[in-house]
Amino acid sequence: MRRGRWILALCLALTLTATACSDGDEDRTTLRVLAGPDLAVLEPLLDELRSETGVELDLDYQADADTGDALASGQGGGHDLAWLSTDRYFRLRHKDSARRQLRTPTMLSPVVVGLRPAVAGELRAKSPDGQLSWADIADAAATGTVRFGMADPRQTGSGLAALVGVATAAAGTGGALRETDVSCDRLRGFRSGQRLTAESTRELLDAFVDDPGRANALITYESDLLALNSGDRLKEKLEIVRPEDGMVLADFPLLLLDPAQRTAYDKVVEWLQRDSTQEKIMRTTLRRPVSPSVRRAGELRAAVGNALYFPDQPAVVDRLLDDYGDPRRRLPGQVVFLLDFSGSMRGERMAALREAFADLSGADSSATGKFARFYQGERLTVVRFGGRVLEEKTITVRGPKELRTLADVVARGGFGDSTAVWSALDHGYRTATSAVADEPEQAVSIVLMTDGENNAGISYEEFVRRYEARPAGARTAVHTYPVHFGEADAGALRRAAAKTGGHMVDARGSSLSEAFKEIRGCR
């Protein structure tokens with residue numbers, strides 16, 4: 001009898017155990033998550049999430065560029081959730097789809113600049129208050145002082161955020177970028193300083209560490225730089241610069257793709273938003289908590305300052321990416337300046353022209369001046385003309401020596417007694433056509449500055465005839481940007497600009513310096 005009761009008790013215990021295990025399995029949910037590579041650092045916390053909520057996250061890591069395509073396909077390619085560094089570009093291009101998705105920010109990290117200490121000290125010494133801006137970084141990149149690494153914005157969220165941040169600062173409007181803000185490429189000088197790129201943040205950091213002499217700066221998420229500084233991979237820690245003209249923030253959103261998993265999604269969100277979890281996320285990832293009640297640690301206490309807006313028009317981002325191009329195959333541009341040296345330019349007008357070239361050579365300390373300045377590798381052709389071409393000089397900017405040569409050309413005397421505007425423009429197109437033939441992918445543009453009407457040389461109609469006879473490649477690639485100054489014929493200059501695909505800038509209401517800055521980067 002005792003033996004029978006013991007067997008019965010054992011069977012009952014086994015039955016209850018099996019039932020308990022079955023109930024636990026039924027409460028547990030596994031969600032398949034489309035994840036960006038920047039989320040891998042959270043892996044150590046996922047066991048806690050599973051044990052405390054019963055929800056297991058199966059992270060499927062894909063490159064940032066691929067996650068957007070997967071989201072656009074509908075339910076994220078069979079995923080229940082998506083967890084990305086940023087979904088801004090997806091939301092911009094697929095507003096209707098994005099509007100239907102639940103979205104929860106989980107942590108924050110701004111895109112900042114890491115500088116080697118010697119470079120940071122050199123730049124801060126030039127700043128009146130010791131603070132640095134994107135304009136300062138662009139200015140130093142144009143001179144070769146800053147040689148930076150940045151992930152490819154066509155492939156990564158950090159690269160795109162960096163590109164938007166710099167372009168927004170260059171526009172100087174204080175708001176989101178508009179199409180008019182990117183009609184001309186203001187970032188050529190900035191981009192001339194790029195020495196490293198990669199298709200992921202991890203690859204970028206590895207390249208920077210493996211080849212320490214190639215770059216002296218990194219532009220990426222603050223958390224990446226803090227993590228790099230906390231390890232033993234660098235001989236000297238990078239100084240983190242949070243540009244005073246603003247930063248773009250990544251908020252690492254968790255998106256619900258399958259509405260049937262709303263209950264499990266809510267459990268995950270509730271757990272992520274707990275202060276205790278936010279603190280663990282902060283210490284694990286070195287990213288800022290979204291919860292205002294969690295005290296930030298260490299360098300995360302540094303103020304972010306002005307958060308820059310992401311563009312609200314897809315065409316703006318598309319134009320930025322198009323101008324950015326392939327960083328591995330980037331060519332400096334060439335500008336052909338056709339400068340009127342007729343007698344009417346003597347005195348104050350010539351002084352204004354020389355001041356404008358000095359400003360473009362680095363004398364202009366304003367933010368717009370720093371973005372617009374001549375940059376290393378840029379080819380500059382100056383053609384002085386009166387009733388004929390008086391002089392032509394081409395330099396490639398390498399440093400102060402070449403810029404002094406350029407200043408000397410503009411400073412020379414020798415004025416013409418008439419103004420052959422259309423002969424000069426025809427000459428400019430001969431120079432530009434040759435440049436395009438030598439390097440078809442090079443951006444070439446013409447700037448025509450005159451203060452008078454055409455009274456010598458060929459007529460406008462003859463210029464048009466010759467222009468239309470030029471190779472189609474040159475006509476498509478090279479646009480003219482006339483600068484209206486003094487008594488120049490505004491109507492004729494507008495016609496020439498429209499014919500060649502450019503636009504006229506009127507310097508009479510501002511200055512030659514401002515006019516030249518306005519058309520920098522136009523093509």
# chains A, B, ... in the order shown; residues from 1 in each chain; ligands from 1
>>> residues_around(residues="Phe357 of chain A", least_positions_apart="3", cutoff="9 Å", atoms="only C-alpha atoms", output="list in words")
Ala352, Leu353, Arg354, Leu360, Ser361, Gly362, Ala363, Leu406, Ala407, Val410, Ser513 and Phe516 of chain A
>>> residues_around(residues="segment 461-477 of chain A", least_positions_apart="4", cutoff="12 Å", atoms="only C-alpha atoms", output="JSON, numbers by chain")
{"A": [333, 334, 420, 421, 422, 423, 424, 425, 426, 427, 428, 429, 430, 431, 432, 433, 434, 435, 436, 437, 438, 439, 440, 441, 442, 443, 444, 445, 446, 454, 457, 492, 495, 496, 497, 498, 499, 500, 501, 502, 522, 523]}
>>> write_last_selection(atoms="N, CA and C atoms", output="short mmCIF file (atom, residue, chain, number, x, y, z; two decimals), in the first residue's frame")
data_model
loop_
_atom_site.label_atom_id
_atom_site.label_comp_id
_atom_site.auth_asym_id
_atom_site.auth_seq_id
_atom_site.Cartn_x
_atom_site.Cartn_y
_atom_site.Cartn_z
N GLY A 333 36.64 70.35 -57.36
CA GLY A 333 36.04 71.09 -58.46
C GLY A 333 36.98 72.13 -59.05
N GLN A 334 36.52 72.75 -60.14
CA GLN A 334 37.26 73.85 -60.76
C GLN A 334 36.29 75.00 -61.02
N ALA A 420 34.68 93.53 -73.21
CA ALA A 420 34.25 92.47 -74.14
C ALA A 420 33.68 91.31 -73.32
N VAL A 421 32.43 91.49 -72.84
CA VAL A 421 31.81 90.51 -71.95
C VAL A 421 31.66 89.15 -72.61
N TRP A 422 31.12 89.14 -73.85
CA TRP A 422 30.79 87.85 -74.48
C TRP A 422 32.02 87.17 -75.05
N SER A 423 33.02 87.93 -75.44
CA SER A 423 34.29 87.32 -75.84
C SER A 423 34.95 86.64 -74.64
N ALA A 424 34.85 87.30 -73.47
CA ALA A 424 35.42 86.71 -72.25
C ALA A 424 34.69 85.42 -71.89
N LEU A 425 33.35 85.43 -72.00
CA LEU A 425 32.58 84.24 -71.67
C LEU A 425 32.88 83.11 -72.65
N ASP A 426 33.03 83.44 -73.90
CA ASP A 426 33.41 82.43 -74.89
C ASP A 426 34.79 81.84 -74.55
N HIS A 427 35.72 82.69 -74.15
CA HIS A 427 37.04 82.23 -73.73
C HIS A 427 36.92 81.30 -72.51
N GLY A 428 36.06 81.69 -71.56
CA GLY A 428 35.85 80.86 -70.38
C GLY A 428 35.34 79.47 -70.73
N TYR A 429 34.45 79.40 -71.73
CA TYR A 429 33.93 78.09 -72.13
C TYR A 429 34.98 77.25 -72.85
N ARG A 430 35.92 77.89 -73.53
CA ARG A 430 37.02 77.12 -74.11
C ARG A 430 37.85 76.47 -73.00
N THR A 431 38.13 77.23 -71.95
CA THR A 431 38.90 76.70 -70.81
C THR A 431 38.12 75.59 -70.11
N ALA A 432 36.82 75.83 -69.87
CA ALA A 432 36.00 74.86 -69.16
C ALA A 432 35.80 73.59 -69.97
N THR A 433 35.60 73.74 -71.29
CA THR A 433 35.41 72.57 -72.15
C THR A 433 36.64 71.67 -72.12
N SER A 434 37.80 72.27 -72.12
CA SER A 434 39.04 71.51 -72.02
C SER A 434 39.13 70.77 -70.69
N ALA A 435 38.73 71.43 -69.60
CA ALA A 435 38.77 70.80 -68.28
C ALA A 435 37.83 69.61 -68.21
N VAL A 436 36.63 69.75 -68.77
CA VAL A 436 35.66 68.65 -68.76
C VAL A 436 36.16 67.49 -69.61
N ALA A 437 36.80 67.80 -70.74
CA ALA A 437 37.34 66.74 -71.59
C ALA A 437 38.43 65.96 -70.87
N ASP A 438 39.24 66.66 -70.08
CA ASP A 438 40.32 66.00 -69.34
C ASP A 438 39.79 65.16 -68.19
N GLU A 439 38.73 65.63 -67.51
CA GLU A 439 38.18 64.93 -66.35
C GLU A 439 36.67 65.09 -66.34
N PRO A 440 35.94 64.19 -67.03
CA PRO A 440 34.49 64.35 -67.20
C PRO A 440 33.69 64.39 -65.90
N GLU A 441 34.21 63.79 -64.82
CA GLU A 441 33.45 63.75 -63.57
C GLU A 441 33.74 64.95 -62.68
N GLN A 442 34.63 65.81 -63.10
CA GLN A 442 34.96 66.99 -62.30
C GLN A 442 33.86 68.04 -62.44
N ALA A 443 33.49 68.67 -61.31
CA ALA A 443 32.52 69.77 -61.33
C ALA A 443 33.22 71.05 -61.76
N VAL A 444 32.76 71.63 -62.85
CA VAL A 444 33.36 72.86 -63.38
C VAL A 444 32.26 73.91 -63.53
N SER A 445 32.53 75.12 -63.09
CA SER A 445 31.56 76.21 -63.23
C SER A 445 32.29 77.49 -63.61
N ILE A 446 31.51 78.45 -64.12
CA ILE A 446 32.06 79.74 -64.54
C ILE A 446 31.37 80.86 -63.76
N ASN A 454 28.49 95.22 -72.59
CA ASN A 454 29.39 94.77 -73.65
C ASN A 454 29.54 95.87 -74.71
N GLY A 457 34.41 93.24 -78.84
CA GLY A 457 34.42 91.80 -79.06
C GLY A 457 33.15 91.30 -79.73
N ALA A 492 20.82 91.16 -69.95
CA ALA A 492 21.73 90.34 -70.76
C ALA A 492 22.38 89.25 -69.91
N ARG A 495 19.93 86.47 -69.29
CA ARG A 495 19.77 85.62 -70.49
C ARG A 495 20.93 84.64 -70.61
N ALA A 496 22.13 85.12 -70.35
CA ALA A 496 23.30 84.24 -70.43
C ALA A 496 23.23 83.14 -69.36
N ALA A 497 22.79 83.51 -68.17
CA ALA A 497 22.67 82.51 -67.10
C ALA A 497 21.62 81.46 -67.47
N ALA A 498 20.47 81.92 -67.96
CA ALA A 498 19.41 80.98 -68.32
C ALA A 498 19.85 80.07 -69.47
N LYS A 499 20.56 80.63 -70.42
CA LYS A 499 21.02 79.85 -71.57
C LYS A 499 21.97 78.74 -71.14
N THR A 500 22.79 79.00 -70.16
CA THR A 500 23.83 78.04 -69.77
C THR A 500 23.47 77.23 -68.53
N GLY A 501 22.27 77.44 -67.97
CA GLY A 501 21.84 76.64 -66.83
C GLY A 501 22.20 77.17 -65.47
N GLY A 502 22.73 78.41 -65.41
CA GLY A 502 23.08 78.99 -64.12
C GLY A 502 22.05 79.99 -63.65
N CYS A 522 27.85 76.21 -56.64
CA CYS A 522 26.79 76.06 -57.64
C CYS A 522 27.38 75.40 -58.89
N ARG A 523 26.58 74.53 -59.48
CA ARG A 523 27.05 73.83 -60.68
C ARG A 523 25.86 73.47 -61.57
#
>>> residues_around(residues="segment 207-214 of chain A", least_positions_apart="2", cutoff="7 Å", atoms="only C-alpha atoms", output="number ranges by chain")
A: 195, 203-205, 233-234
>>> write_last_selection(atoms="C-alpha atoms", output="PDB file, in the first residue's frame")
ATOM      1  CA  ARG A 195      40.256  60.775 -45.442  1.00  0.00           C
ATOM      2  CA  GLU A 203      34.380  49.470 -39.868  1.00  0.00           C
ATOM      3  CA  LEU A 204      35.041  53.209 -39.595  1.00  0.00           C
ATOM      4  CA  LEU A 205      36.357  52.926 -36.041  1.00  0.00           C
ATOM      5  CA  ARG A 233      42.830  50.947 -28.665  1.00  0.00           C
ATOM      6  CA  LEU A 234      44.000  54.578 -28.820  1.00  0.00           C
TER       7      LEU A 234
END
>>> residues_around(residues="Val112 of chain A", least_positions_apart="6", cutoff="9 Å", atoms="only C-alpha atoms", output="ChimeraX atom specification")
/A:162,218-222,225,240-243,247-248
>>> write_last_selection(atoms="N, CA, C and O atoms", output="compact mmCIF listing (two decimals), in the first residue's frame")
# COMPACT_ATOMS: atom_id res chain seq x y z
N ALA A 162 25.28 63.06 -39.72
CA ALA A 162 26.40 64.01 -39.77
C ALA A 162 26.26 64.94 -40.97
O ALA A 162 26.44 66.16 -40.85
N LEU A 218 37.28 62.10 -36.04
CA LEU A 218 36.17 61.20 -36.36
C LEU A 218 34.86 61.94 -36.17
O LEU A 218 34.69 62.67 -35.18
N ILE A 219 33.93 61.75 -37.10
CA ILE A 219 32.58 62.31 -36.96
C ILE A 219 31.62 61.14 -36.89
O ILE A 219 31.45 60.40 -37.86
N THR A 220 31.01 60.96 -35.73
CA THR A 220 30.11 59.82 -35.53
C THR A 220 29.30 60.07 -34.27
O THR A 220 29.33 61.16 -33.69
N TYR A 221 28.58 59.02 -33.82
CA TYR A 221 27.78 59.17 -32.60
C TYR A 221 28.69 59.39 -31.39
O TYR A 221 29.77 58.81 -31.27
N GLU A 222 28.22 60.21 -30.47
CA GLU A 222 28.92 60.45 -29.21
C GLU A 222 29.25 59.14 -28.50
O GLU A 222 30.35 58.97 -27.96
N LEU A 225 32.41 57.41 -29.77
CA LEU A 225 33.66 58.04 -29.34
C LEU A 225 33.93 57.77 -27.86
O LEU A 225 35.09 57.53 -27.46
N ILE A 240 36.25 65.22 -27.39
CA ILE A 240 34.92 65.23 -28.00
C ILE A 240 34.40 66.67 -28.10
O ILE A 240 34.33 67.39 -27.11
N VAL A 241 34.09 67.07 -29.32
CA VAL A 241 33.57 68.41 -29.60
C VAL A 241 32.09 68.29 -29.95
O VAL A 241 31.72 67.56 -30.87
N ARG A 242 31.29 69.00 -29.20
CA ARG A 242 29.85 69.07 -29.47
C ARG A 242 29.60 70.44 -30.11
O ARG A 242 29.51 71.43 -29.40
N PRO A 243 29.51 70.49 -31.44
CA PRO A 243 29.47 71.79 -32.14
C PRO A 243 28.38 72.72 -31.61
O PRO A 243 27.23 72.31 -31.43
N MET A 247 23.48 69.92 -33.27
CA MET A 247 23.75 68.52 -33.58
C MET A 247 22.45 67.81 -33.90
O MET A 247 21.38 68.19 -33.41
N VAL A 248 22.54 66.76 -34.72
CA VAL A 248 21.41 65.89 -35.00
C VAL A 248 21.44 64.74 -33.99
O VAL A 248 22.49 64.12 -33.79
>>> closest_residue(among="A:Leu132, A:Val383, A:Val268, A:Val336", to="Thr30 of chain A", atoms="only C-alpha atoms")
A:Val268
>>> closest_residue(among="A:Met107, A:Ala170, A:Leu84, A:Leu196", to="Trp134 of chain A", atoms="only C-alpha atoms")
A:Ala170
>>> residues_around(residues="segment 66-68 of chain A", least_positions_apart="4", cutoff="9 Å", atoms="only C-alpha atoms", output="PyMOL selection string")
chain A and resi 34-36+61-62+72-73+76+82+84+87+89-90+155
>>> residues_around(residues="segment 270-273 of chain A", least_positions_apart="4", cutoff="8 Å", atoms="only C-alpha atoms", output="JSON, numbers by chain")
{"A": [49, 53, 106, 266, 277, 278, 290, 291]}
>>> write_last_selection(atoms="N, CA, C and O atoms", output="CSV table (one decimal), in the first residue's frame")
chain,number,residue,atom,x,y,z
A,49,LEU,N,15.6,41.2,-20.0
A,49,LEU,CA,14.3,41.5,-20.6
A,49,LEU,C,13.4,40.2,-20.7
A,49,LEU,O,12.2,40.3,-20.3
A,53,THR,N,10.0,39.9,-18.5
A,53,THR,CA,8.8,40.2,-19.3
A,53,THR,C,8.2,39.0,-20.0
A,53,THR,O,7.1,39.0,-20.4
A,106,THR,N,14.2,55.0,-27.5
A,106,THR,CA,14.8,54.2,-26.4
A,106,THR,C,16.0,54.8,-25.8
A,106,THR,O,16.3,54.5,-24.6
A,266,ASP,N,4.2,46.2,-26.0
A,266,ASP,CA,4.0,47.1,-24.9
A,266,ASP,C,4.8,46.6,-23.7
A,266,ASP,O,5.3,47.5,-22.9
A,277,THR,N,16.1,50.3,-16.0
A,277,THR,CA,16.6,49.9,-17.3
A,277,THR,C,17.3,51.0,-18.1
A,277,THR,O,18.4,50.7,-18.7
A,278,GLN,N,16.8,52.2,-18.0
A,278,GLN,CA,17.4,53.3,-18.7
A,278,GLN,C,18.8,53.5,-18.2
A,278,GLN,O,19.8,53.8,-18.9
A,290,VAL,N,16.5,58.4,-22.3
A,290,VAL,CA,15.3,59.2,-22.8
A,290,VAL,C,14.5,59.7,-21.6
A,290,VAL,O,13.8,60.7,-21.7
A,291,SER,N,14.7,59.0,-20.4
A,291,SER,CA,14.0,59.4,-19.2
A,291,SER,C,14.6,60.6,-18.6
A,291,SER,O,15.8,60.5,-18.2
>>> residues_around(residues="Gly399 of chain A", least_positions_apart="5", cutoff="12 Å", atoms="only C-alpha atoms", output="list in words")
Ala140, Ala142, Thr143, Gly144, Thr145, Ser361, Gly362, Phe374, Tyr375, Gln376, Gly377, Glu378, Arg404, Thr405 and Leu406 of chain A
>>> atom_distance(atom1="atom CA of Thr201 of chain A", atom2="atom CA of Asp38 of chain A")
7.9 Å
>>> atom_distance(atom1="atom CA of Phe310 of chain A", atom2="atom CA of Val164 of chain A")
6.9 Å
>>> select_by_dssp(residues="segment 14-118 of chain A", states="strand (DSSP E)", output="ChimeraX atom specification")
/A:29-35,55-61,81-83,103-105,109-115
>>> write_last_selection(atoms="N, CA and C atoms", output="PDB file, in the first residue's frame")
ATOM      1  N   THR A  29       7.001  34.772 -25.270  1.00  0.00           N
ATOM      2  CA  THR A  29       6.827  35.184 -26.662  1.00  0.00           C
ATOM      3  C   THR A  29       8.191  35.512 -27.256  1.00  0.00           C
ATOM      4  N   THR A  30       8.425  35.055 -28.461  1.00  0.00           N
ATOM      5  CA  THR A  30       9.647  35.409 -29.182  1.00  0.00           C
ATOM      6  C   THR A  30       9.285  36.322 -30.346  1.00  0.00           C
ATOM      7  N   LEU A  31       9.918  37.485 -30.379  1.00  0.00           N
ATOM      8  CA  LEU A  31       9.671  38.456 -31.439  1.00  0.00           C
ATOM      9  C   LEU A  31      10.904  38.550 -32.327  1.00  0.00           C
ATOM     10  N   ARG A  32      10.684  38.500 -33.605  1.00  0.00           N
ATOM     11  CA  ARG A  32      11.780  38.641 -34.568  1.00  0.00           C
ATOM     12  C   ARG A  32      11.944  40.138 -34.864  1.00  0.00           C
ATOM     13  N   VAL A  33      13.162  40.641 -34.650  1.00  0.00           N
ATOM     14  CA  VAL A  33      13.407  42.085 -34.687  1.00  0.00           C
ATOM     15  C   VAL A  33      14.407  42.426 -35.794  1.00  0.00           C
ATOM     16  N   LEU A  34      13.985  43.298 -36.683  1.00  0.00           N
ATOM     17  CA  LEU A  34      14.888  43.872 -37.676  1.00  0.00           C
ATOM     18  C   LEU A  34      15.732  44.928 -36.963  1.00  0.00           C
ATOM     19  N   ALA A  35      17.049  44.708 -36.877  1.00  0.00           N
ATOM     20  CA  ALA A  35      17.894  45.564 -36.040  1.00  0.00           C
ATOM     21  C   ALA A  35      19.047  46.150 -36.822  1.00  0.00           C
ATOM     22  N   VAL A  55       9.308  38.087 -22.798  1.00  0.00           N
ATOM     23  CA  VAL A  55       9.443  38.381 -24.223  1.00  0.00           C
ATOM     24  C   VAL A  55      10.914  38.236 -24.630  1.00  0.00           C
ATOM     25  N   GLU A  56      11.169  37.404 -25.597  1.00  0.00           N
ATOM     26  CA  GLU A  56      12.513  37.222 -26.110  1.00  0.00           C
ATOM     27  C   GLU A  56      12.634  37.939 -27.455  1.00  0.00           C
ATOM     28  N   LEU A  57      13.684  38.712 -27.599  1.00  0.00           N
ATOM     29  CA  LEU A  57      13.922  39.418 -28.851  1.00  0.00           C
ATOM     30  C   LEU A  57      15.000  38.693 -29.648  1.00  0.00           C
ATOM     31  N   ASP A  58      14.643  38.273 -30.839  1.00  0.00           N
ATOM     32  CA  ASP A  58      15.573  37.629 -31.760  1.00  0.00           C
ATOM     33  C   ASP A  58      16.014  38.683 -32.769  1.00  0.00           C
ATOM     34  N   LEU A  59      17.209  39.269 -32.539  1.00  0.00           N
ATOM     35  CA  LEU A  59      17.663  40.392 -33.344  1.00  0.00           C
ATOM     36  C   LEU A  59      18.297  39.906 -34.647  1.00  0.00           C
ATOM     37  N   ASP A  60      17.754  40.395 -35.753  1.00  0.00           N
ATOM     38  CA  ASP A  60      18.272  40.099 -37.079  1.00  0.00           C
ATOM     39  C   ASP A  60      18.987  41.347 -37.577  1.00  0.00           C
ATOM     40  N   TYR A  61      20.332  41.363 -37.484  1.00  0.00           N
ATOM     41  CA  TYR A  61      21.098  42.564 -37.797  1.00  0.00           C
ATOM     42  C   TYR A  61      21.242  42.734 -39.303  1.00  0.00           C
ATOM     43  N   LEU A  81       9.109  43.460 -35.069  1.00  0.00           N
ATOM     44  CA  LEU A  81       9.525  44.791 -34.635  1.00  0.00           C
ATOM     45  C   LEU A  81      10.733  45.224 -35.455  1.00  0.00           C
ATOM     46  N   ALA A  82      11.038  46.508 -35.378  1.00  0.00           N
ATOM     47  CA  ALA A  82      12.299  47.030 -35.904  1.00  0.00           C
ATOM     48  C   ALA A  82      12.919  47.891 -34.820  1.00  0.00           C
ATOM     49  N   TRP A  83      14.231  47.785 -34.685  1.00  0.00           N
ATOM     50  CA  TRP A  83      14.960  48.577 -33.686  1.00  0.00           C
ATOM     51  C   TRP A  83      16.178  49.148 -34.395  1.00  0.00           C
ATOM     52  N   ARG A 103       5.869  53.940 -32.476  1.00  0.00           N
ATOM     53  CA  ARG A 103       7.288  54.277 -32.436  1.00  0.00           C
ATOM     54  C   ARG A 103       7.645  54.757 -31.043  1.00  0.00           C
ATOM     55  N   THR A 104       8.706  54.170 -30.441  1.00  0.00           N
ATOM     56  CA  THR A 104       9.124  54.553 -29.101  1.00  0.00           C
ATOM     57  C   THR A 104      10.623  54.808 -29.069  1.00  0.00           C
ATOM     58  N   PRO A 105      11.078  56.041 -28.813  1.00  0.00           N
ATOM     59  CA  PRO A 105      12.513  56.301 -28.640  1.00  0.00           C
ATOM     60  C   PRO A 105      13.027  55.547 -27.408  1.00  0.00           C
ATOM     61  N   SER A 109      21.707  59.732 -28.745  1.00  0.00           N
ATOM     62  CA  SER A 109      23.126  60.017 -28.952  1.00  0.00           C
ATOM     63  C   SER A 109      23.261  61.024 -30.083  1.00  0.00           C
ATOM     64  N   PRO A 110      23.923  62.146 -29.820  1.00  0.00           N
ATOM     65  CA  PRO A 110      24.133  63.139 -30.880  1.00  0.00           C
ATOM     66  C   PRO A 110      25.325  62.768 -31.748  1.00  0.00           C
ATOM     67  N   VAL A 111      25.344  63.273 -32.965  1.00  0.00           N
ATOM     68  CA  VAL A 111      26.515  63.134 -33.831  1.00  0.00           C
ATOM     69  C   VAL A 111      27.479  64.272 -33.491  1.00  0.00           C
ATOM     70  N   VAL A 112      28.698  63.908 -33.110  1.00  0.00           N
ATOM     71  CA  VAL A 112      29.681  64.880 -32.643  1.00  0.00           C
ATOM     72  C   VAL A 112      31.009  64.654 -33.370  1.00  0.00           C
ATOM     73  N   VAL A 113      32.014  65.391 -32.962  1.00  0.00           N
ATOM     74  CA  VAL A 113      33.343  65.298 -33.582  1.00  0.00           C
ATOM     75  C   VAL A 113      34.360  64.905 -32.522  1.00  0.00           C
ATOM     76  N   GLY A 114      35.185  63.915 -32.833  1.00  0.00           N
ATOM     77  CA  GLY A 114      36.300  63.562 -31.965  1.00  0.00           C
ATOM     78  C   GLY A 114      37.599  64.028 -32.607  1.00  0.00           C
ATOM     79  N   LEU A 115      38.367  64.852 -31.902  1.00  0.00           N
ATOM     80  CA  LEU A 115      39.616  65.404 -32.430  1.00  0.00           C
ATOM     81  C   LEU A 115      40.800  64.928 -31.603  1.00  0.00           C
TER      82      LEU A 115
END
>>> select_by_dssp(residues="segment 114-312 of chain A", states="helix (DSSP H, G or I)", output="MDAnalysis selection string")
chainID A and resid 117:126 134:143 157:171 179:182 188:191 201:210 222:230 259:272 275:285 298:301
